[in-house]
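*Asks:* Take this structure first; my questions come after.
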Amino acid sequence: TERSSTSSSSLIRYTPEEHSDFDPLNKAYEKINEVVSDINEATRVSEGLSRTLELQRCIDGLEIELVSPNRRLVREDEIMFHKNAKTKHGEKRFIFLFTDLIILATKKGNNKYDHKFHVELGHAKLTVLADTPYIKYAFEVTPLQKKQKCILSCETDNEQREWV
């Protein structure tokens with residue numbers, strides 16, 4: 001499909017505007033680009049769904065169903081978890097950010113994780129924290145219905161901005 005788009009673009013470029021084929025070529029080119037865009041989006045959604053299904057199998061102790069009609073995996077990465085704002089050293093956690101959910105887990109082997117914490121974004125408060133002598137570039141995720149909170153820190157200011 002990419003090759004068709006490139007070939008069509010070249011063909012249009014070398015076709016004079018007054019030529020009888022110019023307008024139909026432009027319309028065909030636009031249609032090809034729409035199809036390519038639709039295929040790319042469907043591929044992205046399919047890959048995200050595959051990863052979501054994989055995570056459902058890989059995260060032990062997760063008591064929620066990850067596959068949901070409007071849920072998409074947005075980002076996953078390693079991040080530092082702190083028990084409280086005075087903790088000198090954080091613990092590595094893997095964070096999985098979905099469109100409506102955050103999951104924290106520890107890695108326990110090759111592609112296996114232990115569930116530690118999750119919260120639906122619609123039922124949580126996110127607070128950017130001021131830097132302390134021990135924790136920099138941090139933010140706190142607090143479920144609205146529980147007293148439990150989760151302090152996460154990043155390595156850089158940029159990374160913190162990407163997460164929040």
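FYI, nothing fancy with the structure tokens labels: chains A, B, ... in order, residues from 1 per chain, ligands from 1 as they appear.
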Hey, what's within 12 Å of Gln56 in chain A if we count only C-alpha atoms and toss same-chain stuff fewer than 4 positions away? As a PDB file with N, CA and C atoms, in the first residue's frame, please?
*Replies:*
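Saved to around-v5.pdb:
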```pdb
ATOM      1  N   LEU A  49      -4.161  -4.427  21.240  1.00  0.00           N
ATOM      2  CA  LEU A  49      -5.026  -5.451  21.807  1.00  0.00           C
ATOM      3  C   LEU A  49      -4.230  -6.720  22.096  1.00  0.00           C
ATOM      4  N   SER A  50      -3.332  -7.078  21.205  1.00  0.00           N
ATOM      5  CA  SER A  50      -2.477  -8.254  21.424  1.00  0.00           C
ATOM      6  C   SER A  50      -1.627  -8.074  22.677  1.00  0.00           C
ATOM      7  N   ARG A  51      -1.057  -6.882  22.843  1.00  0.00           N
ATOM      8  CA  ARG A  51      -0.232  -6.619  24.022  1.00  0.00           C
ATOM      9  C   ARG A  51      -1.091  -6.638  25.294  1.00  0.00           C
ATOM     10  N   THR A  52      -2.300  -6.100  25.221  1.00  0.00           N
ATOM     11  CA  THR A  52      -3.206  -6.107  26.359  1.00  0.00           C
ATOM     12  C   THR A  52      -3.544  -7.545  26.762  1.00  0.00           C
ATOM     13  N   ASP A  60       0.499 -11.680  37.268  1.00  0.00           N
ATOM     14  CA  ASP A  60      -0.099 -12.521  38.310  1.00  0.00           C
ATOM     15  C   ASP A  60      -0.749 -11.655  39.381  1.00  0.00           C
ATOM     16  N   GLY A  61      -1.918 -12.090  39.841  1.00  0.00           N
ATOM     17  CA  GLY A  61      -2.608 -11.385  40.919  1.00  0.00           C
ATOM     18  C   GLY A  61      -3.498 -10.251  40.447  1.00  0.00           C
ATOM     19  N   LEU A  62      -3.583 -10.044  39.153  1.00  0.00           N
ATOM     20  CA  LEU A  62      -4.442  -8.991  38.616  1.00  0.00           C
ATOM     21  C   LEU A  62      -5.882  -9.494  38.616  1.00  0.00           C
ATOM     22  N   GLU A  63      -6.752  -8.830  39.346  1.00  0.00           N
ATOM     23  CA  GLU A  63      -8.122  -9.304  39.525  1.00  0.00           C
ATOM     24  C   GLU A  63      -9.130  -8.549  38.660  1.00  0.00           C
ATOM     25  N   ILE A  64      -8.649  -7.853  37.657  1.00  0.00           N
ATOM     26  CA  ILE A  64      -9.555  -7.135  36.760  1.00  0.00           C
ATOM     27  C   ILE A  64      -9.321  -7.626  35.337  1.00  0.00           C
ATOM     28  N   GLU A  65     -10.313  -7.429  34.506  1.00  0.00           N
ATOM     29  CA  GLU A  65     -10.213  -7.806  33.099  1.00  0.00           C
ATOM     30  C   GLU A  65      -9.628  -6.619  32.332  1.00  0.00           C
ATOM     31  N   LEU A  66      -8.497  -6.836  31.688  1.00  0.00           N
ATOM     32  CA  LEU A  66      -7.842  -5.737  30.969  1.00  0.00           C
ATOM     33  C   LEU A  66      -8.515  -5.417  29.637  1.00  0.00           C
ATOM     34  N   VAL A  67      -9.040  -6.425  28.983  1.00  0.00           N
ATOM     35  CA  VAL A  67      -9.660  -6.188  27.681  1.00  0.00           C
ATOM     36  C   VAL A  67     -11.020  -5.557  27.904  1.00  0.00           C
ATOM     37  N   SER A  68     -11.168  -4.347  27.386  1.00  0.00           N
ATOM     38  CA  SER A  68     -12.386  -3.567  27.527  1.00  0.00           C
ATOM     39  C   SER A  68     -12.566  -2.763  26.241  1.00  0.00           C
ATOM     40  N   LEU A  73      -3.797   0.484  25.583  1.00  0.00           N
ATOM     41  CA  LEU A  73      -2.506   0.650  26.249  1.00  0.00           C
ATOM     42  C   LEU A  73      -1.834   1.882  25.655  1.00  0.00           C
ATOM     43  N   PHE A  96       2.065   0.295  33.691  1.00  0.00           N
ATOM     44  CA  PHE A  96       1.301   0.115  32.467  1.00  0.00           C
ATOM     45  C   PHE A  96       0.173   1.139  32.510  1.00  0.00           C
ATOM     46  N   ILE A 103      -1.570   0.434  36.109  1.00  0.00           N
ATOM     47  CA  ILE A 103      -1.194  -0.787  36.822  1.00  0.00           C
ATOM     48  C   ILE A 103       0.285  -0.707  37.159  1.00  0.00           C
ATOM     49  N   ASN A 111       9.193 -11.964  31.175  1.00  0.00           N
ATOM     50  CA  ASN A 111       7.849 -11.573  30.758  1.00  0.00           C
ATOM     51  C   ASN A 111       6.765 -11.986  31.763  1.00  0.00           C
ATOM     52  N   LYS A 112       7.094 -12.019  33.044  1.00  0.00           N
ATOM     53  CA  LYS A 112       6.122 -12.279  34.097  1.00  0.00           C
ATOM     54  C   LYS A 112       6.190 -11.151  35.121  1.00  0.00           C
ATOM     55  N   TYR A 113       5.036 -10.761  35.623  1.00  0.00           N
ATOM     56  CA  TYR A 113       4.954  -9.654  36.565  1.00  0.00           C
ATOM     57  C   TYR A 113       4.062 -10.044  37.743  1.00  0.00           C
ATOM     58  N   ASP A 114       4.289  -9.395  38.880  1.00  0.00           N
ATOM     59  CA  ASP A 114       3.432  -9.514  40.055  1.00  0.00           C
ATOM     60  C   ASP A 114       2.674  -8.203  40.220  1.00  0.00           C
ATOM     61  N   HIS A 115       1.370  -8.274  40.240  1.00  0.00           N
ATOM     62  CA  HIS A 115       0.525  -7.092  40.421  1.00  0.00           C
ATOM     63  C   HIS A 115       0.763  -6.497  41.804  1.00  0.00           C
TER      64      HIS A 115
END
```
*Asks:* Can you pull out every residue within 9 Å of Lys125 in chain A, counting only C-alpha atoms, but drop anything in the same chain fewer than 5 positions away, and send it as a CSV table (one decimal) with N, CA, C and O atoms, in the first residue's frame?
*Replies:*
```
chain,number,residue,atom,x,y,z
A,140,GLU,N,2.2,11.8,42.5
A,140,GLU,CA,1.5,10.9,43.4
A,140,GLU,C,0.2,10.5,42.8
A,140,GLU,O,-0.6,11.4,42.2
A,141,VAL,N,-0.2,9.2,42.8
A,141,VAL,CA,-1.5,8.8,42.3
A,141,VAL,C,-2.2,8.3,43.5
A,141,VAL,O,-1.8,7.4,44.3
A,142,THR,N,-3.4,8.9,43.8
A,142,THR,CA,-4.2,8.5,45.0
A,142,THR,C,-5.6,8.1,44.6
A,142,THR,O,-6.3,8.9,44.0
A,143,PRO,N,-6.0,6.9,44.9
A,143,PRO,CA,-7.4,6.5,44.6
A,143,PRO,C,-8.3,7.3,45.5
A,143,PRO,O,-8.0,7.5,46.6
A,144,LEU,N,-9.4,7.7,44.9
A,144,LEU,CA,-10.3,8.6,45.7
A,144,LEU,C,-11.0,7.8,46.8
A,144,LEU,O,-11.4,8.4,47.8
```
*Asks:* Please compute the CA of Phe117 in chain A-CA of Ala105 in chain A distance, one decimal, in Å.
*Replies:*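 Distance reported for this atom pair: 6.9 Å.
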*Asks:* Given the choices A:Ile59, A:Val45, A:Ile151, A:Val128, which gets closest to Lys86 in chain A if the distance is worked out from only C-alpha atoms?
*Replies:*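 Closest candidate: A:Ile151.
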*Asks:* Let me make sure I understand: among A:Thr99, A:Leu53, A:Asn40, A:Arg13, which one has the smallest atom-to-atom distance to Gly122 in chain A if we use only C-alpha atoms?
*Replies:*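 Smallest separation from Gly122 in chain A among the options: A:Thr99.
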*Asks:* Pick out the residues sitting within 9 Å of Leu25 in chain A, and hand them over as JSON, numbers by chain; count only C-alpha atoms, and ignore anything fewer than 3 positions along from it in its own chain.
*Replies:* {"A": [8, 9, 11, 12, 15, 21, 22, 28, 29, 30]}
*Asks:* Taking the DSSP assignment computed from this structure's backbone, write out as a PyMOL selection string all residues of range 1-133 of chain A that belong to helix (DSSP H, G or I).
*Replies:* chain A and resi 2-13+22-58+121-123
*Asks:* Distance CA of Phe139 in chain A-CA of Leu126 in chain A, one decimal place?
*Replies:*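 Rounded to one decimal, the two atoms are 7.0 Å apart.
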*Asks:* Counting only C-alpha atoms, which of A:Trp163, A:Gln145, A:Asp77, A:Thr87 gets nearest to Glu120 in chain A?
*Replies:*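 For Glu120 in chain A, the nearest of the given residues is A:Gln145.
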*Asks:* With distances taken over only C-alpha atoms, which of A:Pro24, A:Thr106, A:Lys147, A:Tyr14 is nearest to Phe81 in chain A?
*Replies:*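 Of the candidates, the smallest distance to Phe81 in chain A is held by A:Thr106.
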